[in-house]
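A.B. asks: Just so it is clear, I am handing over protein.cif, which has mmCIF, C-alpha atoms.
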data_input
#
loop_
_atom_site.label_atom_id
_atom_site.label_comp_id
_atom_site.auth_asym_id
_atom_site.auth_seq_id
_atom_site.Cartn_x
_atom_site.Cartn_y
_atom_site.Cartn_z
CA MET A 1 0.00 0.00 0.00
CA GLU A 2 2.83 2.40 0.93
CA ILE A 3 4.44 1.92 -2.45
CA VAL A 4 1.21 2.93 -4.23
CA ILE A 5 0.90 6.09 -2.10
CA ALA A 6 4.59 6.94 -2.63
CA TRP A 7 4.26 6.38 -6.37
CA LEU A 8 1.14 8.59 -6.52
CA VAL A 9 3.00 11.33 -4.61
CA LEU A 10 5.89 11.04 -7.09
CA ALA A 11 3.45 11.21 -10.03
CA ALA A 12 1.74 14.29 -8.51
CA VAL A 13 5.05 16.11 -7.90
CA SER A 14 6.18 15.24 -11.45
CA ALA A 15 2.89 16.56 -12.86
CA VAL A 16 3.34 19.84 -10.95
CA LEU A 17 6.91 20.16 -12.27
CA VAL A 18 5.75 19.57 -15.86
CA VAL A 19 2.86 22.04 -15.55
CA VAL A 20 5.15 24.75 -14.10
CA VAL A 21 7.80 24.31 -16.82
CA ALA A 22 5.22 24.18 -19.62
CA GLY A 23 3.37 27.18 -18.15
CA LEU A 24 6.56 29.25 -18.08
CA VAL A 25 7.47 28.51 -21.69
CA VAL A 26 4.20 28.28 -23.63
CA ARG A 27 3.31 32.01 -23.75
CA PRO A 28 6.70 33.31 -24.97
CA MET A 29 6.81 30.41 -27.42
CA ARG A 30 3.44 31.43 -28.86
CA MET A 31 4.67 35.04 -29.24
CA LEU A 32 7.88 33.87 -30.94
CA LEU A 33 5.98 31.67 -33.37
CA THR A 34 3.65 34.42 -34.54
CA ALA A 35 6.53 36.71 -35.59
CA ASN A 36 5.74 36.38 -39.29
CA SER A 37 3.48 34.51 -41.72
CA TYR A 38 6.15 31.88 -42.44
CA LEU A 39 6.19 30.73 -38.81
CA SER A 40 2.59 31.26 -37.76
CA PRO A 41 0.98 28.25 -39.58
CA ALA A 42 3.21 25.96 -37.51
CA ALA A 43 2.64 27.80 -34.21
CA LEU A 44 -0.21 25.57 -33.03
CA PHE A 45 1.75 22.40 -33.88
CA TYR A 46 4.88 23.46 -32.02
CA VAL A 47 3.02 24.69 -28.94
CA ARG A 48 0.81 21.62 -28.70
CA ALA A 49 3.71 19.26 -29.43
CA PHE A 50 5.72 20.96 -26.65
CA VAL A 51 2.96 20.30 -24.12
CA VAL A 52 2.72 16.66 -25.24
CA VAL A 53 6.53 16.23 -25.13
CA MET A 54 6.72 17.67 -21.60
CA ALA A 55 3.90 15.38 -20.42
CA LEU A 56 5.60 12.35 -21.99
CA ALA A 57 8.95 13.31 -20.44
CA GLY A 58 7.30 13.51 -17.01
CA LEU A 59 5.60 10.16 -17.59
CA ALA A 60 8.83 8.52 -18.80
CA GLY A 61 10.76 9.82 -15.79
CA THR A 62 8.08 8.71 -13.34
CA PHE A 63 7.93 5.20 -14.80
CA SER A 64 11.69 4.80 -14.70
CA SER A 65 11.89 5.13 -10.90
CA ASP A 66 13.06 1.93 -9.21
CA ILE A 67 10.38 -0.08 -7.42
CA PRO A 68 11.56 -1.71 -4.13
CA CYS A 69 10.75 -5.41 -3.64
CA ALA A 70 7.97 -6.36 -1.20
CA LYS A 71 10.27 -7.19 1.74
CA GLN A 72 12.20 -3.90 1.45
CA ALA A 73 8.96 -1.93 1.04
CA SER A 74 7.40 -3.33 4.23
CA GLU A 75 10.49 -2.32 6.27
CA LYS A 76 10.70 1.29 5.05
CA GLY A 77 10.04 4.15 7.44
CA PHE A 78 8.44 7.50 6.56
CA MET A 79 11.70 9.30 5.73
CA GLU A 80 12.84 6.40 3.57
CA TRP A 81 9.74 6.85 1.47
CA VAL A 82 10.46 10.60 1.26
CA TRP A 83 13.97 9.73 0.03
CA TRP A 84 12.47 7.28 -2.45
CA VAL A 85 10.22 10.04 -3.87
CA ALA A 86 13.18 12.46 -3.99
CA GLU A 87 15.27 9.83 -5.78
CA GLY A 88 12.41 9.23 -8.20
CA LEU A 89 12.43 12.92 -9.11
CA ARG A 90 15.96 12.62 -10.54
CA PRO A 91 14.94 10.83 -13.78
CA VAL A 92 11.88 13.10 -14.05
CA SER A 93 14.02 16.25 -13.81
CA TRP A 94 16.55 14.74 -16.19
CA ALA A 95 13.91 13.91 -18.80
CA VAL A 96 12.09 17.24 -18.49
CA SER A 97 15.30 19.30 -18.67
CA GLY A 98 16.70 17.20 -21.54
CA PHE A 99 13.59 17.57 -23.66
CA LEU A 100 13.30 21.24 -22.73
CA MET A 101 16.83 21.84 -24.01
CA GLY A 102 16.09 19.82 -27.15
CA TYR A 103 12.99 21.89 -27.79
CA ALA A 104 14.86 25.14 -27.12
CA LEU A 105 17.43 24.08 -29.72
CA LEU A 106 14.65 23.25 -32.16
CA LEU A 107 12.99 26.65 -31.69
CA THR A 108 16.33 28.45 -31.97
CA ILE A 109 17.02 26.76 -35.31
CA LEU A 110 13.45 27.42 -36.47
CA TYR A 111 13.65 31.10 -35.58
CA GLY A 112 17.18 31.41 -36.93
CA ILE A 113 16.03 30.15 -40.31
CA LEU A 114 12.54 31.64 -40.65
CA GLY A 115 12.49 34.50 -38.14
CA ARG A 116 14.65 36.74 -40.39
CA TYR A 117 11.98 36.84 -43.10
CA ARG A 118 9.65 39.84 -43.08
CA ASP A 119 6.13 39.72 -44.52
CA LYS A 120 5.80 41.44 -47.89
CA MET B 1 -2.93 -14.28 -10.63
CA THR B 2 0.20 -16.35 -11.31
CA ASN B 3 3.44 -14.70 -12.40
CA GLU B 4 3.10 -16.20 -15.88
CA ALA B 5 -0.44 -14.84 -16.24
CA TYR B 6 0.81 -11.45 -15.03
CA LEU B 7 3.58 -11.55 -17.64
CA VAL B 8 1.13 -12.28 -20.48
CA VAL B 9 -1.42 -9.67 -19.37
CA SER B 10 1.14 -6.93 -18.63
CA TYR B 11 3.08 -7.55 -21.87
CA PHE B 12 0.04 -7.21 -24.14
CA ALA B 13 -1.52 -4.46 -22.03
CA ALA B 14 1.72 -2.44 -22.29
CA ALA B 15 1.77 -2.96 -26.07
CA ALA B 16 -1.87 -1.88 -26.38
CA ALA B 17 -1.36 1.13 -24.10
CA GLY B 18 1.67 2.23 -26.12
CA ALA B 19 -0.20 1.91 -29.41
CA GLY B 20 -3.14 3.81 -27.90
CA LEU B 21 -0.84 6.57 -26.62
CA ALA B 22 0.77 6.93 -30.06
CA ALA B 23 -2.62 6.97 -31.79
CA ALA B 24 -4.01 9.55 -29.33
CA THR B 25 -0.92 11.74 -29.77
CA ALA B 26 -1.16 11.50 -33.56
CA ALA B 27 -4.87 12.37 -33.40
CA GLY B 28 -4.22 15.31 -31.07
CA LEU B 29 -1.50 16.72 -33.32
CA ALA B 30 -3.22 15.90 -36.65
CA ARG B 31 -5.01 19.26 -37.06
CA PRO B 32 -2.01 21.43 -36.06
CA ASN B 33 0.15 19.31 -38.38
CA SER B 34 -2.34 19.83 -41.22
CA LEU B 35 -2.31 23.58 -40.60
CA ALA B 36 1.51 23.61 -40.60
CA THR B 37 1.88 21.58 -43.79
CA ALA B 38 -1.14 22.91 -45.72
CA GLY B 39 -0.96 25.23 -48.70
CA LYS B 40 -0.37 25.01 -52.42
CA ALA B 41 3.38 25.37 -52.20
CA ARG B 42 5.08 22.01 -51.64
CA ASP B 43 1.66 20.39 -51.43
CA SER B 44 2.75 16.82 -52.19
CA LEU B 45 5.57 17.05 -49.67
CA GLY B 46 3.08 18.29 -47.07
CA ARG B 47 0.80 15.36 -47.88
CA ILE B 48 3.69 12.93 -47.38
CA LEU B 49 4.45 14.48 -43.98
CA ARG B 50 0.80 14.38 -42.92
CA ARG B 51 0.48 10.71 -43.85
CA ALA B 52 3.84 9.66 -42.44
CA PHE B 53 3.32 11.35 -39.07
CA PRO B 54 1.03 8.74 -37.39
CA ALA B 55 3.16 5.87 -38.73
CA TRP B 56 6.28 7.67 -37.46
CA LEU B 57 4.83 7.87 -33.94
CA ILE B 58 3.55 4.29 -33.87
CA LEU B 59 6.92 2.99 -35.11
CA ALA B 60 8.72 5.00 -32.42
CA VAL B 61 6.53 3.45 -29.71
CA ALA B 62 7.02 -0.03 -31.21
CA MET B 63 10.78 0.56 -31.16
CA GLY B 64 10.62 1.61 -27.49
CA PHE B 65 8.49 -1.41 -26.61
CA ALA B 66 10.77 -3.85 -28.41
CA SER B 67 13.95 -2.39 -26.96
CA VAL B 68 13.21 -3.73 -23.46
CA THR B 69 14.50 -7.22 -22.77
CA TYR B 70 13.46 -9.48 -19.91
CA PHE B 71 16.84 -11.25 -19.93
CA ASP B 72 19.77 -10.15 -17.76
CA CYS B 73 22.55 -11.77 -15.68
CA GLN B 74 20.13 -13.02 -12.99
CA HIS B 75 17.34 -13.95 -15.41
CA THR B 76 18.80 -16.10 -18.14
CA ASN B 77 15.77 -18.24 -19.06
CA TYR B 78 11.97 -18.21 -19.03
CA THR B 79 11.69 -20.03 -15.67
CA THR B 80 13.88 -17.53 -13.81
CA ILE B 81 12.03 -14.64 -15.46
CA THR B 82 8.55 -15.86 -14.50
CA GLY B 83 9.81 -16.82 -11.04
CA ASP B 84 10.58 -13.20 -10.10
CA TYR B 85 7.45 -11.04 -9.75
CA ASN B 86 9.42 -7.85 -8.98
CA HIS B 87 11.42 -8.31 -12.16
CA LEU B 88 8.20 -8.54 -14.19
CA VAL B 89 6.81 -5.36 -12.59
CA ARG B 90 10.11 -3.52 -13.20
CA LYS B 91 10.14 -4.56 -16.84
CA THR B 92 6.55 -3.44 -17.37
CA LEU B 93 7.40 -0.01 -15.93
CA GLU B 94 10.56 0.09 -18.03
CA GLN B 95 8.49 -0.59 -21.15
CA ALA B 96 6.11 2.24 -20.26
CA SER B 97 9.04 4.57 -19.64
CA THR B 98 10.91 3.64 -22.83
CA MET B 99 7.79 3.99 -24.99
CA SER B 100 7.17 7.47 -23.55
CA TYR B 101 10.81 8.48 -24.15
CA TYR B 102 10.79 7.25 -27.74
CA LEU B 103 7.44 8.91 -28.46
CA ALA B 104 8.63 12.26 -27.08
CA ALA B 105 11.90 11.96 -29.03
CA ALA B 106 9.97 11.15 -32.21
CA ILE B 107 7.83 14.29 -31.81
CA VAL B 108 10.93 16.48 -31.32
CA ALA B 109 12.62 14.82 -34.32
CA TYR B 110 9.50 15.49 -36.42
CA GLY B 111 9.74 19.11 -35.30
CA PHE B 112 13.18 19.30 -36.97
CA VAL B 113 11.74 17.75 -40.16
CA LEU B 114 9.00 20.38 -40.07
CA VAL B 115 11.64 23.13 -39.79
CA ALA B 116 13.16 21.90 -43.06
CA PHE B 117 9.72 21.77 -44.68
CA LEU B 118 8.81 25.30 -43.56
CA TRP B 119 12.16 26.61 -44.79
CA ALA B 120 11.68 24.95 -48.19
CA ARG B 121 8.17 26.40 -48.44
CA ALA B 122 9.33 29.90 -47.44
CA ARG B 123 12.10 29.82 -50.04
CA THR B 124 9.71 28.62 -52.73
CA SER B 125 7.11 31.27 -51.98
CA ARG B 126 9.71 34.07 -51.79
CA ASN B 127 11.12 33.01 -55.14
CA GLY B 128 7.58 33.12 -56.51
CA ALA B 129 7.68 29.49 -57.65
CA ALA B 130 4.65 28.26 -55.71
#
The structure in this file should be written as structure tokens.

C.D. replies:
Amino acid sequence: MEIVIAWLVLAAVSAVLVVVVAGLVVRPMRMLLTANSYLSPAALFYVRAFVVVMALAGLAGTFSSDIPCAKQASEKGFMEWVWWVAEGLRPVSWAVSGFLMGYALLLTILYGILGRYRDK
Amino acid sequence: MTNEAYLVVSYFAAAAAGAGLAAATAAGLARPNSLATAGKARDSLGRILRRAFPAWLILAVAMGFASVTYFDCQHTNYTTITGDYNHLVRKTLEQASTMSYYLAAAIVAYGFVLVAFLWARARTSRNGAA
């Protein structure tokens, strides 16, 4: 039972992390992608894809946390479960930051190529 | 439920969940992808991208699913694999994680393909050869 509660706490913390990161980036991304008519048709795709990618990164990180075996789980105290959740956040943070950097690179290349054009 | 029954159920359930996730993602991004690749200029290329996108995502998930092996140093045959319930649970979670990673990576990779498409379209329309 404890493992289910701990896993749900980890999933909730991961979801909050993903929502905060996505919330910080989505609005400036939308502004960047409406700079000219060459970028704007793809704005909805890139914004929506970013939200999906962040959610998948959070999911992937949460699922990759190590599950203790039944004997170990029954012997864990409260703080050990807190440590387990904290340890589980490492792959989540890694995945979210890795994909965030990848997406930042993608947007930089996109803007570098198409952002210089001005509408006629 | 026996360990062997758990293995069968979790293996096919993970495969179905991965396929469903890829299909739902493709459906959710279908309209934005159509908007991004629509237009007269480079129309056939846009059509190729629109049709390839769902297959691209499903193949990425299939690759993630297939990349997880149940064999390792402690589990060298079917009997040792089905004898360890924790191992089966870990592998199911690993499959879910890997499928999510591959799907996210496939979307980002498609984003780079779309950059090339948008650039080609912008160049064509600026040269007046639409």

A.B. asks: Pull the neighbourhood of (6.3, 19.0, -9.2) for me: all residues within 12 Å in file coordinates, counting only C-alpha atoms, as a list in words.

C.D. replies: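 These residues have at least one counted atom within 12 Å: Leu8, Val9, Leu10, Ala11, Ala12, Val13, Ser14, Ala15, Val16, Leu17, Val18, Val19, Val20, Val21, Ala22, Gly58, Thr62, Val85, Ala86, Gly88, Leu89, Arg90, Val92, Ser93 and Val96 of chain A.
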
A.B. asks: Which one of B:Ala120, B:Leu114, B:Leu49, B:Leu35 sits closest to Leu107 in chain A if you count all atoms listed in the file?

C.D. replies: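 Between B:Ala120, B:Leu114, B:Leu49, B:Leu35, the residue approaching Leu107 in chain A most closely is B:Leu114.
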
A.B. asks: Enumerate, as a PyMOL selection string, the protein, DNA and RNA residues whose atoms approach (8.7, 18.5, -29.4) to within 12 Å, taking into account all atoms listed in the file and the coordinate frame of the file.

C.D. replies: (chain A and resi 22+44-57+96+98-107) or (chain B and resi 25+29+101-115)

A.B. asks: Between CA of Ser44 in chain B and CA of Arg116 in chain A, what distance in Å does the model show, to one decimal?

C.D. replies: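 Straight-line distance from CA of Ser44 in chain B to CA of Arg116 in chain A works out to 26.0 Å.
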
A.B. asks: When the PyMOL selection byres ((chain B and resi 19) around 10) is applied to the structure above, which residues does it catch, written out as a PyMOL selection string?

C.D. replies: chain B and resi 13-18+20-25+57-62+65+99

A.B. asks: Any idea what the distance is between CA of Arg50 in chain B and CA of Asp119 in chain A?

C.D. replies: 25.9 Å

A.B. asks: Mind pulling up the distance from CA of Arg27 in chain A to CA of Ile113 in chain A?

C.D. replies: 21.0 Å

A.B. asks: Using all atoms listed in the file, which of the listed residues (A:Val4, A:Ala42, A:Ile109, A:Ala70) sits closest to chain B?

C.D. replies: A:Ala42

A.B. asks: Taking the file as I've supplied it (selection: the PyMOL selection byres ((chain B and resi 118) around 9)), which residues are included? Please answer as an MDAnalysis selection string.

C.D. replies: (chainID A and resid 38:39 42 110 114) or (chainID B and resid 36:37 113:117 119:123)

A.B. asks: Find the residue from B:Thr69, B:Asn86, B:Thr80, B:Ser125 that sits nearest to Ala73 in chain A; use all atoms listed in the file when measuring.

C.D. replies: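 Ranked by minimum distance to Ala73 in chain A, first place goes to B:Asn86.
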
A.B. asks: Which is closest to chain B among A:Trp94, A:Phe63, A:Phe78, A:Tyr117, if we use all atoms listed in the file?

C.D. replies: A:Phe63

A.B. asks: Between B:Ser34, B:Thr124, B:Asn77, B:Ser97, which residue has the minimum interatomic distance to chain A, considering all atoms listed in the file?

C.D. replies: B:Ser97

A.B. asks: Just checking: using all atoms listed in the file, which residue out of A:Ile5, A:Ser40, A:Met29, A:Ser74 ends up closest to chain B?

C.D. replies: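 For chain B, the nearest of the given residues is A:Ser40.
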
A.B. asks: Fewer than 6 positions away in the same chain doesn't count, so skip those; otherwise give me all residues within 10 Å of Leu88 in chain B, counting all atoms listed in the file, as a PyMOL selection string.

C.D. replies: chain B and resi 3-4+6-7+10-11+70+81-82+94
